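Enquirer: The structure that follows is given in the form of structure tokens.
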Amino acid sequence: MQNPMMMTDRVIMVTGGGQGIGRQLAEQLLSLEAKVALVDIDAGMLAEARDALGASRVSTYCGDVSDPEFVNATVDSIVAEQGDIHGLINNAGIVRAAMASEMAIEQWHQVIGVNLTGAFICLQAVGRHLISKAKEGDPNPGSVVNISSDAGRRGTIGQINYGAAKSGVLGLTMCSAREWGRYNINVNSVCYGMVETAMTATIRQEKFRDKYLSQIPLGRFSTTGDVAPATCFLLSDAASYITGQHLSIDGGFYISS
């Protein structure tokens, strides 16, 4: 019996793919025999990721996901160069922390621009391609996984911009899942908790560490290796009847709220 997780020669676009979780997602997809199109604003990290992962099955595209012209051109380039796009992992994200009463409007706009507007722009661009394939008779045009966060489900201190953006990603997921179900396009989201990346370094330091660990039933922060397999599962044939769902990959952090 063929492993339903395998994605042999499927082309998956991963935003924020040059580092952290995005790079781990790329490694996981490559292990499932997919081809990966990495998008990131950091050209150096992209080049490093491509060299490390292997250029034969990895293509890279440098730019800002909140720029519609860049995103649309990138999707067109991926299709022209790779022949198709079968899936998207909407992973790009930034943090600009401040308490709600002190947050500068620039901090608000920066995070909303990348984490929510950028997610919508990428969702729309890839979605248009998948819909076009469906209208041409492709019975399985592809899938989308949006990266949300427990911050968007239970709130977070000092990151009202991030929490609002990640709540919005849940809305993007449910609305597009309803609209695109008739095309057999699956759209789901995953909600990470405390993943050991540079983005969470502050809240994992000694001052806050015990407080957060006490709220995680599994008793540890997650690694990028913990979250990648379940995320990629939602792009595979094993998840063909799952859409509009939010999967928390967080060691139980969400249920402890």
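Labels used: A, B, ... for chains in the order of the structure tokens, numbers from 1 for residues in each chain, and numbers from 1 for ligands as shown.
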Just list the residues in segment 13-253 of chain A DSSP gives alpha helix (DSSP H) on the backbone, as a PyMOL selection string.

Expert: chain A and resi 20-31+43-53+68-82+105-111+118-135+151-154+160-180+206-213+224-233

Enquirer: So which residues touch Trp108 of chain A within 12 Å, counting only C-alpha atoms, skipping near sequence neighbours fewer than 5 positions away, as a compact mmCIF listing (two decimals) with N, CA and C atoms, in the first residue's frame?

Expert:
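Output contents, as saved in selection01.txt:
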# COMPACT_ATOMS: atom_id res chain seq x y z
N ILE A 94 6.34 37.82 11.34
CA ILE A 94 7.25 38.64 12.13
C ILE A 94 6.60 38.98 13.46
N VAL A 95 7.41 39.42 14.39
CA VAL A 95 6.93 39.87 15.71
C VAL A 95 7.46 41.28 15.96
N ARG A 96 6.61 42.15 16.44
CA ARG A 96 6.99 43.48 16.89
C ARG A 96 6.27 43.72 18.21
N ALA A 97 6.89 43.33 19.30
CA ALA A 97 6.21 43.27 20.59
C ALA A 97 6.12 44.63 21.27
N ALA A 98 5.00 44.85 21.92
CA ALA A 98 4.77 46.03 22.79
C ALA A 98 3.43 45.82 23.47
N MET A 99 3.28 46.40 24.66
CA MET A 99 1.99 46.34 25.32
C MET A 99 0.97 47.16 24.53
N ALA A 100 -0.28 46.77 24.61
CA ALA A 100 -1.31 47.40 23.78
C ALA A 100 -1.36 48.91 23.96
N SER A 101 -1.20 49.38 25.19
CA SER A 101 -1.30 50.81 25.45
C SER A 101 -0.09 51.59 24.95
N GLU A 102 0.99 50.88 24.63
CA GLU A 102 2.23 51.53 24.22
C GLU A 102 2.60 51.27 22.76
N MET A 103 1.86 50.43 22.09
CA MET A 103 2.24 50.01 20.75
C MET A 103 2.14 51.16 19.75
N GLY A 113 0.62 43.62 8.28
CA GLY A 113 0.99 43.58 6.87
C GLY A 113 1.60 42.26 6.44
N VAL A 114 2.49 41.71 7.25
CA VAL A 114 3.14 40.44 6.90
C VAL A 114 2.27 39.25 7.29
N ASN A 115 1.81 39.23 8.54
CA ASN A 115 1.19 38.02 9.09
C ASN A 115 -0.24 37.81 8.62
N LEU A 116 -0.95 38.88 8.28
CA LEU A 116 -2.34 38.73 7.85
C LEU A 116 -2.52 39.11 6.38
N GLY A 158 1.46 41.46 25.31
CA GLY A 158 2.54 42.18 24.66
C GLY A 158 2.62 41.99 23.16
N GLN A 159 1.61 41.34 22.58
CA GLN A 159 1.62 41.07 21.14
C GLN A 159 0.20 41.17 20.58
N ILE A 160 -0.47 42.26 20.87
CA ILE A 160 -1.85 42.38 20.40
C ILE A 160 -1.91 42.40 18.87
N ASN A 161 -0.89 42.94 18.22
CA ASN A 161 -0.84 42.93 16.77
C ASN A 161 -0.72 41.50 16.22
N TYR A 162 0.16 40.72 16.83
CA TYR A 162 0.38 39.35 16.41
C TYR A 162 -0.86 38.49 16.67
N GLY A 163 -1.45 38.65 17.86
CA GLY A 163 -2.65 37.89 18.18
C GLY A 163 -3.80 38.21 17.24
N ALA A 164 -3.97 39.50 16.93
CA ALA A 164 -5.03 39.89 16.00
C ALA A 164 -4.80 39.32 14.62
N ALA A 165 -3.54 39.37 14.15
CA ALA A 165 -3.22 38.83 12.83
C ALA A 165 -3.47 37.33 12.78

Enquirer: As a ChimeraX atom specification, please: the residues near segment 166-183 of chain A (cut-off 7 Å, only C-alpha atoms, same-chain neighbours under 6 positions excluded).

Expert: /A:116,131,134,146,148-149,151-153,189,243-244

Enquirer: So, with only C-alpha atoms as the atoms that count, which of A:Ser240, A:Gly142, A:Thr15, A:His109 lies closest to Thr74 of chain A?

Expert: A:Thr15

Enquirer: Fewer than 4 positions away in the same chain doesn't count, so skip those; otherwise give me all residues within 7 Å of segment 232-238 of chain A, counting only C-alpha atoms, as a PDB file with C-alpha atoms, in the first residue's frame.

Expert:
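Contents of around.pdb, as written:
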ATOM      1  CA  PRO A   4      -0.680   8.524   1.605  1.00  0.00           C
ATOM      2  CA  MET A   5       1.718  11.076   3.072  1.00  0.00           C
ATOM      3  CA  MET A   6       4.026  10.919   0.054  1.00  0.00           C
ATOM      4  CA  MET A   7       3.959  13.947  -2.259  1.00  0.00           C
ATOM      5  CA  LEU A  29       8.499  18.061   2.309  1.00  0.00           C
ATOM      6  CA  GLY A  87       0.226  23.466  -2.398  1.00  0.00           C
ATOM      7  CA  SER A 143      -4.203  22.358  -0.763  1.00  0.00           C
ATOM      8  CA  VAL A 144      -3.281  25.289   1.465  1.00  0.00           C
ATOM      9  CA  VAL A 145      -2.044  25.306   5.053  1.00  0.00           C
ATOM     10  CA  ALA A 228       6.668  19.973  10.650  1.00  0.00           C
TER      11      ALA A 228
END

Enquirer: DSSP says strand (DSSP E or B) for which residues of segment 19-226 of chain A? Put them as a PyMOL selection string?

Expert: chain A and resi 35-40+58-62+87-90+98+142-149+159+185-192+195+222

Enquirer: With C-alpha atoms retained, export the selected residues as a PDB file, in the first residue's frame.

Expert:
ATOM      1  CA  LYS A  35       9.672  19.835  -4.764  1.00  0.00           C
ATOM      2  CA  VAL A  36       9.897  23.020  -2.730  1.00  0.00           C
ATOM      3  CA  ALA A  37       9.658  26.682  -3.752  1.00  0.00           C
ATOM      4  CA  LEU A  38      10.999  28.746  -0.860  1.00  0.00           C
ATOM      5  CA  VAL A  39       9.976  32.395  -0.472  1.00  0.00           C
ATOM      6  CA  ASP A  40      11.715  34.683   1.993  1.00  0.00           C
ATOM      7  CA  VAL A  58      14.592  23.522  -4.235  1.00  0.00           C
ATOM      8  CA  SER A  59      13.911  26.852  -5.944  1.00  0.00           C
ATOM      9  CA  THR A  60      14.120  30.204  -4.162  1.00  0.00           C
ATOM     10  CA  TYR A  61      12.339  33.536  -4.565  1.00  0.00           C
ATOM     11  CA  CYS A  62      13.359  36.609  -2.586  1.00  0.00           C
ATOM     12  CA  GLY A  87       0.226  23.466  -2.398  1.00  0.00           C
ATOM     13  CA  LEU A  88       1.058  26.437  -0.200  1.00  0.00           C
ATOM     14  CA  ILE A  89       2.290  26.700   3.362  1.00  0.00           C
ATOM     15  CA  ASN A  90       1.609  30.280   4.450  1.00  0.00           C
ATOM     16  CA  ALA A  98       4.768  46.027  22.787  1.00  0.00           C
ATOM     17  CA  GLY A 142      -4.132  21.202  -4.366  1.00  0.00           C
ATOM     18  CA  SER A 143      -4.203  22.358  -0.763  1.00  0.00           C
ATOM     19  CA  VAL A 144      -3.281  25.289   1.465  1.00  0.00           C
ATOM     20  CA  VAL A 145      -2.044  25.306   5.053  1.00  0.00           C
ATOM     21  CA  ASN A 146      -2.065  28.651   6.853  1.00  0.00           C
ATOM     22  CA  ILE A 147       0.185  29.012   9.875  1.00  0.00           C
ATOM     23  CA  SER A 148      -1.731  30.576  12.738  1.00  0.00           C
ATOM     24  CA  SER A 149      -0.873  30.446  16.433  1.00  0.00           C
ATOM     25  CA  GLN A 159       1.621  41.074  21.139  1.00  0.00           C
ATOM     26  CA  ILE A 185      -9.291  22.653  -2.680  1.00  0.00           C
ATOM     27  CA  ASN A 186      -8.530  21.980   0.976  1.00  0.00           C
ATOM     28  CA  VAL A 187      -7.642  24.906   3.247  1.00  0.00           C
ATOM     29  CA  ASN A 188      -6.625  24.338   6.859  1.00  0.00           C
ATOM     30  CA  SER A 189      -4.593  26.068   9.524  1.00  0.00           C
ATOM     31  CA  VAL A 190      -2.181  24.927  12.184  1.00  0.00           C
ATOM     32  CA  CYS A 191      -1.693  26.736  15.470  1.00  0.00           C
ATOM     33  CA  TYR A 192       1.761  26.460  16.951  1.00  0.00           C
ATOM     34  CA  VAL A 195       8.414  26.596  19.138  1.00  0.00           C
ATOM     35  CA  SER A 222       8.398  22.248  20.881  1.00  0.00           C
TER      36      SER A 222
END

Enquirer: Using only C-alpha atoms, determine which residues lie at most 10 Å from Gln124 of chain A, disregarding the query and same-chain residues fewer than 4 positions distant; provide the list as a list in words.

Expert: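 Near Gln124 of chain A, the qualifying residues are Pro68, Val71, Asn72, Gly118, Ala119, Phe120, Arg128, His129, Leu130 and Ser176 of chain A.
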
Enquirer: Residues as selected, C-alpha atoms, written as an mmCIF file, in the first residue's frame, can you do that?

Expert:
data_model
loop_
_atom_site.group_PDB
_atom_site.id
_atom_site.type_symbol
_atom_site.label_atom_id
_atom_site.label_comp_id
_atom_site.auth_asym_id
_atom_site.auth_seq_id
_atom_site.Cartn_x
_atom_site.Cartn_y
_atom_site.Cartn_z
ATOM 1 C CA PRO A 68 1.024 41.746 -4.323
ATOM 2 C CA VAL A 71 3.706 37.434 -4.912
ATOM 3 C CA ASN A 72 1.770 37.235 -8.170
ATOM 4 C CA GLY A 118 0.690 38.808 3.360
ATOM 5 C CA ALA A 119 -1.049 35.535 4.157
ATOM 6 C CA PHE A 120 -4.124 36.692 2.229
ATOM 7 C CA ARG A 128 -6.368 31.449 -8.285
ATOM 8 C CA HIS A 129 -3.955 28.968 -9.839
ATOM 9 C CA LEU A 130 -5.571 26.017 -8.079
ATOM 10 C CA SER A 176 -11.566 30.200 1.744
#

Enquirer: Do a neighbour search on Glu196 of chain A at 7 Å with only C-alpha atoms, toss out local chain neighbours closer than 3 positions, and write the hits as a count of residues only.

Expert: 5

Enquirer: So how many Å separate atom CA of Asn3 of chain A and atom CA of His86 of chain A, to one decimal?

Expert: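 Between atom CA of Asn3 of chain A and atom CA of His86 of chain A the gap is 17.9 Å.
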